[in-house]
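J.: upload_22.txt (compact mmCIF, C-alpha atoms and all ligand atoms) pasted underneath:
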```txt
# COMPACT_ATOMS: atom_id res chain seq x y z
CA MET A 1 108.42 179.22 -158.22
CA ARG A 2 108.64 175.82 -156.52
CA LEU A 3 105.82 175.28 -154.06
CA ILE A 4 104.23 172.60 -151.94
CA MET A 5 100.77 172.65 -150.39
CA LEU A 6 100.28 171.40 -146.84
CA GLY A 7 97.02 170.89 -145.00
CA ALA A 8 94.56 168.26 -143.82
CA PRO A 9 92.61 166.20 -146.34
CA GLY A 10 89.83 168.51 -147.52
CA ALA A 11 91.59 171.72 -146.44
CA GLY A 12 91.46 173.00 -150.02
CA LYS A 13 94.92 172.09 -151.32
CA GLY A 14 93.72 170.87 -154.70
CA THR A 15 91.29 173.78 -155.16
CA GLN A 16 93.96 176.38 -154.41
CA ALA A 17 96.81 174.55 -156.18
CA ALA A 18 94.82 174.65 -159.44
CA LYS A 19 94.32 178.40 -159.11
CA VAL A 20 97.95 179.07 -158.12
CA ALA A 21 99.18 176.92 -161.02
CA ALA A 22 97.05 178.90 -163.48
CA LYS A 23 98.15 182.27 -162.10
CA TYR A 24 101.88 181.55 -162.01
CA GLN A 25 101.86 179.30 -165.11
CA ILE A 26 103.43 176.28 -163.41
CA PRO A 27 102.34 172.62 -163.52
CA HIS A 28 99.99 171.39 -160.77
CA ILE A 29 101.16 167.96 -159.63
CA SER A 30 98.72 166.04 -157.42
CA THR A 31 99.94 162.64 -156.25
CA GLY A 32 96.34 161.71 -155.38
CA ASP A 33 95.29 162.48 -158.98
CA ILE A 34 98.24 160.43 -160.31
CA PHE A 35 97.18 157.44 -158.19
CA ARG A 36 93.50 157.81 -159.17
CA ALA A 37 94.45 157.93 -162.87
CA ASN A 38 96.53 154.78 -162.40
CA ILE A 39 93.63 153.04 -160.64
CA LYS A 40 91.27 154.05 -163.46
CA ASN A 41 93.72 152.71 -166.07
CA GLY A 42 94.30 149.46 -164.16
CA THR A 43 98.10 149.86 -163.94
CA GLU A 44 100.32 147.90 -161.54
CA LEU A 45 100.90 151.10 -159.53
CA GLY A 46 97.15 151.68 -159.35
CA LYS A 47 96.55 148.13 -158.10
CA LYS A 48 99.18 148.56 -155.40
CA ALA A 49 97.95 152.03 -154.31
CA LYS A 50 94.21 151.26 -154.22
CA SER A 51 94.07 149.17 -151.05
CA TYR A 52 95.93 151.81 -149.03
CA MET A 53 93.78 154.64 -150.40
CA ASP A 54 90.48 152.85 -149.83
CA ALA A 55 91.49 152.19 -146.22
CA GLY A 56 92.29 155.89 -145.67
CA GLY A 57 96.00 155.16 -145.18
CA LEU A 58 99.06 156.43 -147.01
CA VAL A 59 100.57 154.71 -150.01
CA PRO A 60 104.10 153.56 -148.99
CA ASP A 61 106.87 156.14 -149.47
CA GLU A 62 108.75 153.91 -151.92
CA LEU A 63 105.80 153.99 -154.34
CA VAL A 64 105.54 157.77 -154.34
CA CYS A 65 109.01 159.33 -153.88
CA ASP A 66 110.63 158.19 -157.16
CA LEU A 67 107.46 159.00 -159.05
CA VAL A 68 107.57 162.63 -157.86
CA ALA A 69 111.34 162.92 -158.38
CA ASP A 70 110.88 161.81 -162.01
CA ARG A 71 107.94 164.15 -162.54
CA ILE A 72 109.68 167.31 -161.29
CA ALA A 73 112.71 166.52 -163.44
CA GLN A 74 110.57 166.87 -166.59
CA GLU A 75 111.03 169.86 -168.86
CA ASP A 76 107.68 171.51 -168.02
CA CYS A 77 108.82 171.83 -164.38
CA SER A 78 112.01 173.73 -165.23
CA ARG A 79 110.37 177.08 -164.34
CA GLY A 80 108.67 175.71 -161.24
CA PHE A 81 105.81 173.51 -160.05
CA ILE A 82 103.23 173.18 -157.32
CA LEU A 83 103.02 169.88 -155.46
CA ASP A 84 99.61 169.01 -153.99
CA GLY A 85 99.46 166.07 -151.56
CA PHE A 86 103.23 165.50 -151.50
CA PRO A 87 105.18 165.33 -149.25
CA ARG A 88 102.98 163.67 -146.62
CA THR A 89 105.68 162.19 -144.37
CA ILE A 90 109.10 163.35 -143.15
CA PRO A 91 110.91 160.74 -145.32
CA GLN A 92 108.99 162.10 -148.35
CA ALA A 93 110.08 165.66 -147.48
CA GLU A 94 113.69 164.47 -147.21
CA ALA A 95 113.39 162.66 -150.55
CA LEU A 96 111.99 165.86 -152.10
CA ASP A 97 114.89 167.91 -150.70
CA ALA A 98 117.32 165.43 -152.25
CA ALA A 99 115.45 165.50 -155.59
CA VAL A 100 115.39 169.31 -155.86
CA GLU A 101 119.03 169.52 -154.77
CA LYS A 102 119.93 167.11 -157.59
CA LEU A 103 118.19 169.52 -159.96
CA GLY A 104 120.28 172.37 -158.51
CA THR A 105 117.30 174.14 -156.98
CA LYS A 106 115.14 174.29 -153.83
CA ILE A 107 111.58 174.52 -152.54
CA ASP A 108 110.67 178.22 -152.23
CA TYR A 109 107.57 177.95 -150.05
CA ALA A 110 105.39 175.45 -148.24
CA VAL A 111 101.85 176.87 -148.12
CA ASP A 112 99.91 175.46 -145.16
CA ILE A 113 96.12 175.80 -145.44
CA GLU A 114 94.72 175.63 -141.93
CA VAL A 115 91.22 174.22 -141.39
CA PRO A 116 90.00 172.66 -138.11
CA ASP A 117 88.82 169.03 -138.21
CA GLU A 118 85.20 170.09 -137.49
CA ASN A 119 84.96 171.80 -140.90
CA ILE A 120 86.58 168.94 -142.80
CA ILE A 121 83.79 166.35 -142.56
CA GLU A 122 81.27 168.81 -144.06
CA ARG A 123 83.65 169.68 -146.89
CA MET A 124 84.41 166.06 -147.75
CA GLY A 125 80.78 164.95 -147.77
CA GLY A 126 79.99 167.63 -150.35
CA ARG A 127 83.13 167.17 -152.46
CA ARG A 128 82.62 165.90 -155.98
CA ALA A 129 85.61 164.90 -158.07
CA CYS A 130 86.05 164.53 -161.80
CA LEU A 131 87.86 161.26 -162.43
CA SER A 132 88.77 162.38 -165.95
CA CYS A 133 90.63 165.65 -165.30
CA GLY A 134 90.94 165.79 -161.49
CA ALA A 135 88.89 168.99 -161.05
CA THR A 136 87.19 169.30 -157.66
CA TYR A 137 83.82 170.82 -156.77
CA HIS A 138 81.60 171.16 -153.73
CA ILE A 139 77.84 170.77 -153.96
CA MET A 140 77.32 173.95 -151.86
CA PHE A 141 80.56 175.96 -151.80
CA ASN A 142 81.80 175.47 -155.37
CA ALA A 143 79.01 173.86 -157.39
CA PRO A 144 79.49 172.83 -161.03
CA LYS A 145 77.29 174.64 -163.59
CA LYS A 146 75.45 171.38 -164.35
CA ASP A 147 74.79 168.86 -161.56
CA GLY A 148 77.17 165.89 -161.74
CA ILE A 149 79.09 167.17 -164.81
CA CYS A 150 82.60 168.67 -164.83
CA ASP A 151 82.68 172.29 -166.09
CA THR A 152 86.19 171.82 -167.47
CA CYS A 153 86.02 168.53 -169.40
CA GLY A 154 82.40 167.34 -169.29
CA GLY A 155 83.39 164.25 -167.28
CA GLU A 156 81.20 162.62 -164.65
CA LEU A 157 81.53 163.90 -161.07
CA VAL A 158 81.64 161.34 -158.25
CA LEU A 159 81.83 161.16 -154.47
CA ARG A 160 85.25 159.61 -153.90
CA ASP A 161 85.20 156.26 -152.04
CA ASP A 162 87.65 157.67 -149.51
CA ASP A 163 85.42 160.70 -148.79
CA LYS A 164 82.89 158.63 -146.84
CA PRO A 165 82.76 159.84 -143.19
CA GLU A 166 84.38 156.73 -141.62
CA THR A 167 87.35 156.90 -144.03
CA VAL A 168 87.67 160.68 -143.59
CA LYS A 169 88.08 160.17 -139.85
CA LYS A 170 90.91 157.69 -140.46
CA ARG A 171 92.53 160.06 -142.97
CA LEU A 172 92.45 162.88 -140.41
CA ASP A 173 94.18 160.62 -137.85
CA VAL A 174 96.84 159.76 -140.43
CA TYR A 175 97.23 163.46 -141.24
CA HIS A 176 97.78 164.42 -137.60
CA THR A 177 100.32 161.68 -136.88
CA GLN A 178 102.26 161.53 -140.17
CA THR A 179 101.80 164.77 -142.12
CA GLN A 180 101.33 167.55 -139.55
CA PRO A 181 104.99 167.24 -138.39
CA LEU A 182 105.91 168.70 -141.80
CA ILE A 183 104.67 172.09 -140.59
CA ASP A 184 107.58 172.21 -138.11
CA TYR A 185 109.92 170.78 -140.75
CA TYR A 186 109.28 173.68 -143.16
CA SER A 187 108.93 176.26 -140.39
CA ALA A 188 112.43 175.35 -139.20
CA ARG A 189 113.69 175.99 -142.75
CA GLY A 190 112.02 179.41 -142.77
CA ASN A 191 109.82 178.84 -145.81
CA LEU A 192 106.42 178.12 -144.27
CA LEU A 193 103.47 180.34 -145.26
CA GLU A 194 100.32 179.87 -143.16
CA VAL A 195 96.89 180.70 -144.52
CA ASP A 196 93.47 180.64 -142.83
CA GLY A 197 91.59 178.03 -144.89
CA THR A 198 88.21 178.64 -143.26
CA GLN A 199 87.64 181.71 -145.43
CA GLY A 200 85.76 181.50 -148.75
CA LEU A 201 87.63 180.07 -151.76
CA GLU A 202 88.51 183.45 -153.28
CA ASP A 203 89.66 184.92 -149.96
CA VAL A 204 91.94 181.94 -149.35
CA PHE A 205 93.38 182.45 -152.84
CA ALA A 206 93.87 186.18 -152.23
CA SER A 207 95.70 185.40 -148.95
CA ILE A 208 98.04 182.98 -150.76
CA VAL A 209 98.78 185.44 -153.57
CA GLY A 210 99.28 188.18 -150.98
CA LYS A 211 102.04 186.10 -149.40
CA LEU A 212 103.62 184.77 -152.61
CA GLY A 213 103.58 188.12 -154.41
CA GLU A 214 102.01 189.05 -157.76
P1 LIG A 301 92.24 168.83 -150.57
O1 LIG A 301 92.88 168.87 -151.93
O2 LIG A 301 93.02 169.57 -149.52
O3 LIG A 301 91.87 167.45 -150.12
P2 LIG A 301 89.96 170.10 -151.91
O4 LIG A 301 90.61 171.26 -152.63
O5 LIG A 301 89.56 168.95 -152.74
O6 LIG A 301 90.87 169.63 -150.66
O7 LIG A 301 88.70 170.70 -151.11
C1 LIG A 301 87.86 169.83 -150.36
C2 LIG A 301 86.39 170.22 -150.58
O8 LIG A 301 86.14 171.50 -149.96
C3 LIG A 301 86.02 170.40 -152.05
O9 LIG A 301 84.69 169.97 -152.22
C4 LIG A 301 86.17 171.89 -152.30
O10 LIG A 301 85.29 172.35 -153.34
C5 LIG A 301 85.75 172.46 -150.95
N1 LIG A 301 86.49 173.68 -150.60
C6 LIG A 301 87.79 173.99 -150.88
N2 LIG A 301 88.13 175.18 -150.38
C7 LIG A 301 87.01 175.66 -149.74
C8 LIG A 301 86.71 176.86 -149.00
N3 LIG A 301 87.64 177.82 -148.80
N4 LIG A 301 85.46 176.97 -148.49
C9 LIG A 301 84.54 175.99 -148.66
N5 LIG A 301 84.74 174.86 -149.35
C10 LIG A 301 85.97 174.68 -149.88
P1 LIG A 302 94.50 163.20 -152.07
O1 LIG A 302 93.91 163.23 -153.44
O2 LIG A 302 95.72 164.09 -151.95
O3 LIG A 302 93.48 163.44 -150.98
O4 LIG A 302 95.07 161.71 -151.85
C1 LIG A 302 94.19 160.60 -151.81
C2 LIG A 302 94.93 159.40 -151.24
O5 LIG A 302 96.04 159.05 -152.09
C3 LIG A 302 95.54 159.59 -149.86
O6 LIG A 302 94.61 159.39 -148.81
C4 LIG A 302 96.64 158.52 -149.88
O7 LIG A 302 96.11 157.22 -149.67
C5 LIG A 302 97.14 158.58 -151.32
N1 LIG A 302 98.24 159.54 -151.46
C6 LIG A 302 98.25 160.70 -152.19
N2 LIG A 302 99.44 161.33 -152.07
C7 LIG A 302 100.20 160.56 -151.25
C8 LIG A 302 101.51 160.67 -150.72
N3 LIG A 302 102.28 161.72 -151.00
N4 LIG A 302 101.95 159.68 -149.90
C9 LIG A 302 101.20 158.63 -149.61
N5 LIG A 302 99.95 158.47 -150.05
C10 LIG A 302 99.45 159.41 -150.87
```
As a first step, turn the structure in this file into structure tokens.
Ligand code: ADP
Ligand code: AMP
T.:
Amino acid sequence: MRLIMLGAPGAGKGTQAAKVAAKYQIPHISTGDIFRANIKNGTELGKKAKSYMDAGGLVPDELVCDLVADRIAQEDCSRGFILDGFPRTIPQAEALDAAVEKLGTKIDYAVDIEVPDENIIERMGGRRACLSCGATYHIMFNAPKKDGICDTCGGELVLRDDDKPETVKKRLDVYHTQTQPLIDYYSARGNLLEVDGTQGLEDVFASIVGKLGE
């Protein structure tokens, strides 16, 4: 199964993508996690991406499209994958179409998690991210067992720099102008699945599985 997750920043893409990846045994590919790992390791890509991320903008398409095309061509993606945070622009969606076509396959579904902007600020303020393994928590809605420590890898949990309210507002603007048009893009292709993301975590997951099939 080849899937992409759509939705505003903080809609729950990463949370649900991890659960979907585990259920269907496919790799979870988060471009945000790839950039954060590169920033942590001080790579050239990380240095280039950081200024855009900190400002709440998008990293330029040319820095992300080839990276994803290479990643989905790897052996572990031969049975499918779930992309989280990519595509975020129409040119990225077109690049993805070209990349999957080259592999002789196609995107099966775009899962759009719908959450109004009002709910997003609350979610982002409480989000805590593990910079070691990428796992995501929420201090109220999905708390780790031990405060500040990742359940999965024991890493330290942090409030991401780009989750501060002023940056979240900018990211929402960017989402509405650059990413939201992808909903029509995938709807026109007949493979859009829409899910109410204001439900609890497990109910959102059940809705997604209900649409994808067991
Ligand atoms: P995205 O990957 O779309 O940016 P995340 O999956 O990181 O979003 O979720 C953003 C924050 O909201 C996290 O702190 C997460 O734990 C929390 N969250 C995710 N889904 C829900 C939900 N259905 N209800 C409440 N909080 C949620
Ligand atoms: P995320 O972890 O998906 O919330 O992404 C965090 C940040 O990484 C975004 O605000 C962007 O600056 C950058 N980013 C992640 N994925 C992409 C992408 N597909 N295109 C451009 N920028 C991206």
J.: Which residues sit within 10 Å of ligand LIG 301 (chain A), counting only C-alpha atoms and all ligand atoms, listed as a ChimeraX atom specification?
T.: /A:5-18,30,32-33,84-85,113-115,119-129,134-144,159,163,196-205
J.: Find the residue from A:Gln92, A:Thr105, A:Asn38, A:Gln178 that sits nearest to Met1 (chain A); use all atoms listed in the file when measuring.
T.: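 Answer, going by the shortest atom-to-atom distance: A:Thr105.
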J.: Figure out the distance between CA of Leu131 (chain A) and atom C10 of ligand LIG 302 (chain A), please, to one decimal in Å.
T.: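 Taking atom C10 of ligand LIG 302 (chain A) and CA of Leu131 (chain A), their separation equals 16.5 Å.
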J.: Of the candidates A:Tyr52, A:Tyr109, A:Phe81, A:Tyr175, which shows the shortest atom-to-atom distance to His28 (chain A), using all atoms listed in the file?
T.: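 Using all atoms listed in the file, His28 (chain A) sits closest to A:Phe81.
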J.: Measuring between all atoms listed in the file, which one of A:Leu103, A:Ile26, A:Cys77, A:Leu172 shows the shortest distance to ligand LIG 302 (chain A)?
T.: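 Of the candidates, the smallest distance to ligand LIG 302 (chain A) is held by A:Leu172.
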J.: What is the CA of Thr31 (chain A) to atom C6 of ligand LIG 302 (chain A) distance in Å?
T.: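 Going from CA of Thr31 (chain A) over to atom C6 of ligand LIG 302 (chain A), I get 4.8 Å.
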J.: With all atoms listed in the file as the basis for distance, which of A:Ala93, A:Ala99, A:Val174, A:Ile34 is at the shortest distance from Asp66 (chain A)?
T.: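 That would be A:Ala99, the residue with the smallest distance to Asp66 (chain A).
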J.: Could you please determine the separation between CA of Pro181 (chain A) and CA of Leu193 (chain A) in Å, to one decimal place?
T.: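 Computing the Euclidean distance for CA of Pro181 (chain A) and CA of Leu193 (chain A) yields 14.9 Å.
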J.: Determine, counting only C-alpha atoms, which protein, DNA and RNA residues have an atom within 12 Å of an atom of Leu45 (chain A); residues of the same chain fewer than 2 positions away are not included. Present the result as a list in words.
T.: Ile34, Phe35, Arg36, Ala37, Asn38, Ile39, Lys40, Asn41, Gly42, Thr43, Lys47, Lys48, Ala49, Lys50, Ser51, Tyr52, Val59, Pro60, Glu62, Leu63, Val64 and Leu67 of chain A
J.: Name the residues within 12 Å of (112.4, 164.2, -150.3), counting only C-alpha atoms in the file's coordinates, and put them as JSON, numbers by chain.
T.: {"A": [4, 61, 62, 64, 65, 66, 67, 68, 69, 72, 86, 87, 88, 89, 90, 91, 92, 93, 94, 95, 96, 97, 98, 99, 100, 101, 102, 106, 107, 182, 185]}
J.: Grab all the atoms of region 183-194 of chain A that the file lists, wrap them in a box along x, y and z, add 3 Å per side, and give me centre plus edge lengths in Å (one decimal) as JSON.
T.:
```
{"center_x": 107.0, "center_y": 175.6, "center_z": -142.0, "size_x": 19.4, "size_y": 15.6, "size_z": 13.7}
```
J.: Please rebuild region 130-156 of chain A with N, CA, C and O atoms and return the result as a JSON list (two decimals), in the frame of the given file.
T.:
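For reference, part_33.json as written:
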```
[["chain", "number", "residue", "atom", "x", "y", "z"],
["A", 130, "CYS", "N", 86.10, 165.01, -160.42],
["A", 130, "CYS", "CA", 86.05, 164.53, -161.80],
["A", 130, "CYS", "C", 87.18, 163.52, -161.96],
["A", 130, "CYS", "O", 88.35, 163.86, -161.78],
["A", 131, "LEU", "N", 86.82, 162.29, -162.30],
["A", 131, "LEU", "CA", 87.86, 161.26, -162.43],
["A", 131, "LEU", "C", 88.59, 161.38, -163.76],
["A", 131, "LEU", "O", 89.62, 160.75, -163.97],
["A", 132, "SER", "N", 88.08, 162.22, -164.67],
["A", 132, "SER", "CA", 88.77, 162.38, -165.95],
["A", 132, "SER", "C", 89.89, 163.41, -165.85],
["A", 132, "SER", "O", 91.01, 163.16, -166.28],
["A", 133, "CYS", "N", 89.59, 164.61, -165.29],
["A", 133, "CYS", "CA", 90.63, 165.65, -165.30],
["A", 133, "CYS", "C", 91.09, 166.04, -163.91],
["A", 133, "CYS", "O", 92.00, 166.85, -163.78],
["A", 134, "GLY", "N", 90.47, 165.50, -162.86],
["A", 134, "GLY", "CA", 90.94, 165.79, -161.49],
["A", 134, "GLY", "C", 90.32, 167.03, -160.88],
["A", 134, "GLY", "O", 90.60, 167.34, -159.72],
["A", 135, "ALA", "N", 89.49, 167.77, -161.62],
["A", 135, "ALA", "CA", 88.89, 168.99, -161.05],
["A", 135, "ALA", "C", 88.02, 168.61, -159.85],
["A", 135, "ALA", "O", 87.45, 167.52, -159.78],
["A", 136, "THR", "N", 87.92, 169.55, -158.91],
["A", 136, "THR", "CA", 87.19, 169.30, -157.66],
["A", 136, "THR", "C", 86.12, 170.35, -157.47],
["A", 136, "THR", "O", 86.35, 171.53, -157.70],
["A", 137, "TYR", "N", 84.95, 169.91, -157.03],
["A", 137, "TYR", "CA", 83.82, 170.82, -156.77],
["A", 137, "TYR", "C", 83.28, 170.55, -155.38],
["A", 137, "TYR", "O", 83.66, 169.59, -154.72],
["A", 138, "HIS", "N", 82.34, 171.40, -154.96],
["A", 138, "HIS", "CA", 81.60, 171.16, -153.73],
["A", 138, "HIS", "C", 80.14, 171.46, -154.03],
["A", 138, "HIS", "O", 79.85, 172.50, -154.66],
["A", 139, "ILE", "N", 79.24, 170.59, -153.58],
["A", 139, "ILE", "CA", 77.84, 170.77, -153.96],
["A", 139, "ILE", "C", 77.25, 172.10, -153.46],
["A", 139, "ILE", "O", 76.34, 172.64, -154.06],
["A", 140, "MET", "N", 77.81, 172.65, -152.35],
["A", 140, "MET", "CA", 77.32, 173.95, -151.86],
["A", 140, "MET", "C", 78.30, 175.09, -152.10],
["A", 140, "MET", "O", 77.91, 176.18, -152.49],
["A", 141, "PHE", "N", 79.60, 174.85, -151.83],
["A", 141, "PHE", "CA", 80.56, 175.96, -151.80],
["A", 141, "PHE", "C", 81.21, 176.23, -153.15],
["A", 141, "PHE", "O", 81.81, 177.28, -153.35],
["A", 142, "ASN", "N", 81.14, 175.27, -154.07],
["A", 142, "ASN", "CA", 81.80, 175.47, -155.37],
["A", 142, "ASN", "C", 81.11, 174.52, -156.37],
["A", 142, "ASN", "O", 81.71, 173.58, -156.88],
["A", 143, "ALA", "N", 79.83, 174.80, -156.60],
["A", 143, "ALA", "CA", 79.01, 173.86, -157.39],
["A", 143, "ALA", "C", 79.35, 173.94, -158.88],
["A", 143, "ALA", "O", 79.64, 175.03, -159.39],
["A", 144, "PRO", "N", 79.30, 172.79, -159.58],
["A", 144, "PRO", "CA", 79.49, 172.83, -161.03],
["A", 144, "PRO", "C", 78.26, 173.49, -161.67],
["A", 144, "PRO", "O", 77.20, 173.56, -161.05],
["A", 145, "LYS", "N", 78.42, 173.97, -162.93],
["A", 145, "LYS", "CA", 77.29, 174.64, -163.59],
["A", 145, "LYS", "C", 76.13, 173.67, -163.77],
["A", 145, "LYS", "O", 74.97, 174.01, -163.58],
["A", 146, "LYS", "N", 76.48, 172.42, -164.18],
["A", 146, "LYS", "CA", 75.45, 171.38, -164.35],
["A", 146, "LYS", "C", 75.69, 170.29, -163.33],
["A", 146, "LYS", "O", 76.84, 169.78, -163.24],
["A", 147, "ASP", "N", 74.65, 169.90, -162.59],
["A", 147, "ASP", "CA", 74.79, 168.86, -161.56],
["A", 147, "ASP", "C", 75.51, 167.62, -162.10],
["A", 147, "ASP", "O", 75.10, 167.06, -163.12],
["A", 148, "GLY", "N", 76.56, 167.17, -161.41],
["A", 148, "GLY", "CA", 77.17, 165.89, -161.74],
["A", 148, "GLY", "C", 78.09, 165.90, -162.96],
["A", 148, "GLY", "O", 78.62, 164.86, -163.35],
["A", 149, "ILE", "N", 78.27, 167.10, -163.59],
["A", 149, "ILE", "CA", 79.09, 167.17, -164.81],
["A", 149, "ILE", "C", 80.22, 168.19, -164.61],
["A", 149, "ILE", "O", 79.98, 169.31, -164.15],
["A", 150, "CYS", "N", 81.44, 167.79, -165.00],
["A", 150, "CYS", "CA", 82.60, 168.67, -164.83],
["A", 150, "CYS", "C", 82.53, 169.85, -165.79],
["A", 150, "CYS", "O", 82.38, 169.66, -167.00],
["A", 151, "ASP", "N", 82.69, 171.08, -165.25],
["A", 151, "ASP", "CA", 82.68, 172.29, -166.09],
["A", 151, "ASP", "C", 83.82, 172.27, -167.10],
["A", 151, "ASP", "O", 83.70, 172.77, -168.21],
["A", 152, "THR", "N", 84.97, 171.73, -166.67],
["A", 152, "THR", "CA", 86.19, 171.82, -167.47],
["A", 152, "THR", "C", 86.19, 170.82, -168.63],
["A", 152, "THR", "O", 86.51, 171.19, -169.76],
["A", 153, "CYS", "N", 85.84, 169.54, -168.35],
["A", 153, "CYS", "CA", 86.02, 168.53, -169.40],
["A", 153, "CYS", "C", 84.74, 167.76, -169.72],
["A", 153, "CYS", "O", 84.75, 166.89, -170.59],
["A", 154, "GLY", "N", 83.65, 168.05, -169.00],
["A", 154, "GLY", "CA", 82.40, 167.34, -169.29],
["A", 154, "GLY", "C", 82.33, 165.94, -168.68],
["A", 154, "GLY", "O", 81.37, 165.21, -168.90],
["A", 155, "GLY", "N", 83.36, 165.58, -167.91],
["A", 155, "GLY", "CA", 83.39, 164.25, -167.28],
["A", 155, "GLY", "C", 82.36, 164.12, -166.17],
["A", 155, "GLY", "O", 81.78, 165.11, -165.72],
["A", 156, "GLU", "N", 82.18, 162.87, -165.72],
["A", 156, "GLU", "CA", 81.20, 162.62, -164.65],
["A", 156, "GLU", "C", 81.82, 162.95, -163.29],
["A", 156, "GLU", "O", 82.99, 162.64, -163.03]]
```
